[in-house]
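Here is the structure we will look at.
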Amino acid sequence: NGARVVARAWCDPAFARALHRDATAAISSLGYGGRQGEHMVALFNTPDEHHMVVCTLCSCYPWPVLGLPPTWYKSAPYRSRAVRDPRGVLAEFGVTLPTATRIRVWDSTAEVRYLVIPMRPAGTEALSEDALAALVTRDSMIGTGLARQP
């Protein structure tokens, strides 16, 4: 579900603006929502800023958008290290960002859940929305990964 949200944001600037303004409503307009999918905030990655989501207290996670949470998301080592050493955690996931790229870590709660909108891969301008959705990974929507290259 989340991959479709991201692909729509990549293809439709009006939807991306709506997602930025009120992610819960924009996501619901695509038919995704419900318990633990409310109070959503979309975080857009840029070359200057990369977003990463963690829930330091438990495992708050937007199930209706991202499906089942990965085991590592709920683990104490991820929850503590993501805050203290986000670059190190990203490196363990195979993500190395330029040193100039700011990494922001967002703490998900029962009141606010986050969806990272990864950067659209270069060279995908001619791809359909369905083809773009296939490039979006769960990890890229948590911020511990990047979208796949075509």
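In the structure tokens, each chain is lettered A, B, ... as it comes, each chain's residues begin at 1, and ligands are numbered from 1 in order of appearance.
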Quiz item: Could you name the residues that touch segment 86-98 of chain A at 9 Å or less, counting only C-alpha atoms, but leaving out those on the same chain fewer than 6 positions away, as a ChimeraX atom specification?
Solution: /A:47-48,50,52,78,104-105,139,143-146
Practice problem: as a count of residues only, please: all residues of chain A that backbone DSSP puts in helix (DSSP H, G or I). | Solution: 60
Quiz item: Counting only C-alpha atoms, which of A:Ala42, A:Val5, A:Leu19, A:Leu30 gets nearest to Trp106 of chain A?
Solution: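 With only C-alpha atoms as the atom set, the closest residue is A:Ala42.
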Quiz item: Of the candidates A:Thr124, A:Arg138, A:Pro150, A:Ala76, which one gets nearest to Arg4 of chain A if we count only C-alpha atoms?
Solution: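 Answer, going by the shortest atom-to-atom distance: A:Arg138.
Counting only C-alpha atoms and comparing A:Arg102, A:Phe15, A:Trp10, A:Arg21, the residue that lies closest to Ala122 of chain A is A:Trp10.
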Quiz prompt | Residue with smallest distance to Pro70 of chain A - pool A:Ile142, A:Gln149, A:Thr46, A:Thr56, counting only C-alpha atoms | solution =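 Ranked by minimum distance to Pro70 of chain A, first place goes to A:Ile142.
Comparing the minimum interatomic distances between Ser28 of chain A and each of A:Cys60, A:Ile103, A:Val65, A:Val6, counting only C-alpha atoms, we find that A:Val65 sits nearest.
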Quiz item: So what do you get for atom CA of Ser108 of chain A versus atom CA of Leu66 of chain A, distance-wise?
Solution: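 Separating atom CA of Ser108 of chain A from atom CA of Leu66 of chain A is a distance of 13.6 Å.
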Practice problem: List every residue of chain A that DSSP, applied to the backbone of this structure, places in strand (DSSP E), and write the result as number ranges by chain. | Solution: A: 40-44, 49-54, 102-107, 113-117
Restricted to N, CA, C and O atoms, what would the selected residues look like written as a PDB file, in the first residue's frame?
ATOM      1  N   MET A  40      -1.057  10.277  10.323  1.00  0.00           N
ATOM      2  CA  MET A  40       0.137  10.058   9.507  1.00  0.00           C
ATOM      3  C   MET A  40       0.789  11.383   9.127  1.00  0.00           C
ATOM      4  O   MET A  40       0.096  12.381   8.896  1.00  0.00           O
ATOM      5  N   VAL A  41       2.095  11.355   9.031  1.00  0.00           N
ATOM      6  CA  VAL A  41       2.884  12.492   8.552  1.00  0.00           C
ATOM      7  C   VAL A  41       3.831  11.947   7.491  1.00  0.00           C
ATOM      8  O   VAL A  41       4.500  10.929   7.713  1.00  0.00           O
ATOM      9  N   ALA A  42       3.872  12.605   6.343  1.00  0.00           N
ATOM     10  CA  ALA A  42       4.789  12.208   5.266  1.00  0.00           C
ATOM     11  C   ALA A  42       6.062  13.053   5.361  1.00  0.00           C
ATOM     12  O   ALA A  42       5.995  14.271   5.516  1.00  0.00           O
ATOM     13  N   LEU A  43       7.186  12.374   5.279  1.00  0.00           N
ATOM     14  CA  LEU A  43       8.503  13.012   5.337  1.00  0.00           C
ATOM     15  C   LEU A  43       9.190  12.792   4.003  1.00  0.00           C
ATOM     16  O   LEU A  43       9.421  11.653   3.611  1.00  0.00           O
ATOM     17  N   PHE A  44       9.496  13.846   3.296  1.00  0.00           N
ATOM     18  CA  PHE A  44      10.061  13.750   1.955  1.00  0.00           C
ATOM     19  C   PHE A  44      11.578  13.850   1.991  1.00  0.00           C
ATOM     20  O   PHE A  44      12.128  14.873   2.405  1.00  0.00           O
ATOM     21  N   GLU A  49      18.488  16.264   2.883  1.00  0.00           N
ATOM     22  CA  GLU A  49      17.928  15.748   4.132  1.00  0.00           C
ATOM     23  C   GLU A  49      17.345  14.354   3.932  1.00  0.00           C
ATOM     24  O   GLU A  49      16.564  14.131   3.010  1.00  0.00           O
ATOM     25  N   HIS A  50      17.735  13.449   4.819  1.00  0.00           N
ATOM     26  CA  HIS A  50      17.247  12.065   4.787  1.00  0.00           C
ATOM     27  C   HIS A  50      16.523  11.792   6.094  1.00  0.00           C
ATOM     28  O   HIS A  50      17.037  12.091   7.173  1.00  0.00           O
ATOM     29  N   HIS A  51      15.332  11.219   6.001  1.00  0.00           N
ATOM     30  CA  HIS A  51      14.516  10.930   7.177  1.00  0.00           C
ATOM     31  C   HIS A  51      14.558   9.445   7.508  1.00  0.00           C
ATOM     32  O   HIS A  51      14.565   8.597   6.615  1.00  0.00           O
ATOM     33  N   MET A  52      14.539   9.157   8.799  1.00  0.00           N
ATOM     34  CA  MET A  52      14.560   7.790   9.299  1.00  0.00           C
ATOM     35  C   MET A  52      13.590   7.718  10.475  1.00  0.00           C
ATOM     36  O   MET A  52      13.530   8.643  11.288  1.00  0.00           O
ATOM     37  N   VAL A  53      12.815   6.632  10.545  1.00  0.00           N
ATOM     38  CA  VAL A  53      11.782   6.505  11.573  1.00  0.00           C
ATOM     39  C   VAL A  53      12.145   5.398  12.562  1.00  0.00           C
ATOM     40  O   VAL A  53      12.635   4.339  12.175  1.00  0.00           O
ATOM     41  N   VAL A  54      11.858   5.674  13.814  1.00  0.00           N
ATOM     42  CA  VAL A  54      12.054   4.713  14.884  1.00  0.00           C
ATOM     43  C   VAL A  54      10.940   4.943  15.903  1.00  0.00           C
ATOM     44  O   VAL A  54      10.353   6.018  15.947  1.00  0.00           O
ATOM     45  N   ARG A 102      21.936  15.826   5.796  1.00  0.00           N
ATOM     46  CA  ARG A 102      21.473  15.813   7.184  1.00  0.00           C
ATOM     47  C   ARG A 102      20.546  14.613   7.383  1.00  0.00           C
ATOM     48  O   ARG A 102      19.674  14.357   6.555  1.00  0.00           O
ATOM     49  N   ILE A 103      20.717  13.897   8.475  1.00  0.00           N
ATOM     50  CA  ILE A 103      19.841  12.773   8.794  1.00  0.00           C
ATOM     51  C   ILE A 103      18.963  13.186   9.970  1.00  0.00           C
ATOM     52  O   ILE A 103      19.467  13.581  11.021  1.00  0.00           O
ATOM     53  N   ARG A 104      17.648  13.117   9.753  1.00  0.00           N
ATOM     54  CA  ARG A 104      16.700  13.428  10.818  1.00  0.00           C
ATOM     55  C   ARG A 104      16.018  12.144  11.245  1.00  0.00           C
ATOM     56  O   ARG A 104      15.488  11.415  10.410  1.00  0.00           O
ATOM     57  N   VAL A 105      16.031  11.881  12.524  1.00  0.00           N
ATOM     58  CA  VAL A 105      15.393  10.691  13.080  1.00  0.00           C
ATOM     59  C   VAL A 105      14.094  11.128  13.745  1.00  0.00           C
ATOM     60  O   VAL A 105      14.092  12.039  14.580  1.00  0.00           O
ATOM     61  N   TRP A 106      13.017  10.473  13.350  1.00  0.00           N
ATOM     62  CA  TRP A 106      11.688  10.797  13.854  1.00  0.00           C
ATOM     63  C   TRP A 106      11.195   9.665  14.741  1.00  0.00           C
ATOM     64  O   TRP A 106      11.237   8.506  14.343  1.00  0.00           O
ATOM     65  N   ASP A 107      10.714  10.010  15.911  1.00  0.00           N
ATOM     66  CA  ASP A 107      10.227   9.035  16.879  1.00  0.00           C
ATOM     67  C   ASP A 107       8.719   8.870  16.719  1.00  0.00           C
ATOM     68  O   ASP A 107       7.936   9.757  17.063  1.00  0.00           O
ATOM     69  N   ARG A 113       2.383   8.785  13.346  1.00  0.00           N
ATOM     70  CA  ARG A 113       3.167   7.763  12.641  1.00  0.00           C
ATOM     71  C   ARG A 113       3.683   8.391  11.346  1.00  0.00           C
ATOM     72  O   ARG A 113       3.021   9.242  10.772  1.00  0.00           O
ATOM     73  N   TYR A 114       4.826   7.918  10.898  1.00  0.00           N
ATOM     74  CA  TYR A 114       5.497   8.552   9.776  1.00  0.00           C
ATOM     75  C   TYR A 114       5.631   7.613   8.584  1.00  0.00           C
ATOM     76  O   TYR A 114       5.790   6.406   8.737  1.00  0.00           O
ATOM     77  N   LEU A 115       5.601   8.223   7.410  1.00  0.00           N
ATOM     78  CA  LEU A 115       5.877   7.542   6.147  1.00  0.00           C
ATOM     79  C   LEU A 115       6.951   8.349   5.439  1.00  0.00           C
ATOM     80  O   LEU A 115       6.747   9.537   5.147  1.00  0.00           O
ATOM     81  N   VAL A 116       8.094   7.731   5.203  1.00  0.00           N
ATOM     82  CA  VAL A 116       9.168   8.401   4.473  1.00  0.00           C
ATOM     83  C   VAL A 116       8.883   8.256   2.983  1.00  0.00           C
ATOM     84  O   VAL A 116       8.615   7.158   2.492  1.00  0.00           O
ATOM     85  N   ILE A 117       8.955   9.368   2.273  1.00  0.00           N
ATOM     86  CA  ILE A 117       8.832   9.369   0.816  1.00  0.00           C
ATOM     87  C   ILE A 117      10.263   9.431   0.282  1.00  0.00           C
ATOM     88  O   ILE A 117      10.902  10.481   0.326  1.00  0.00           O
TER      89      ILE A 117
END
Exercise. Tell me which of A:Ala133, A:Tyr73, A:Met141, A:Thr99 sits closest to Pro118 of chain A, counting only C-alpha atoms.
Key: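 Of A:Ala133, A:Tyr73, A:Met141, A:Thr99, the one nearest Pro118 of chain A, counting only C-alpha atoms, is A:Met141.
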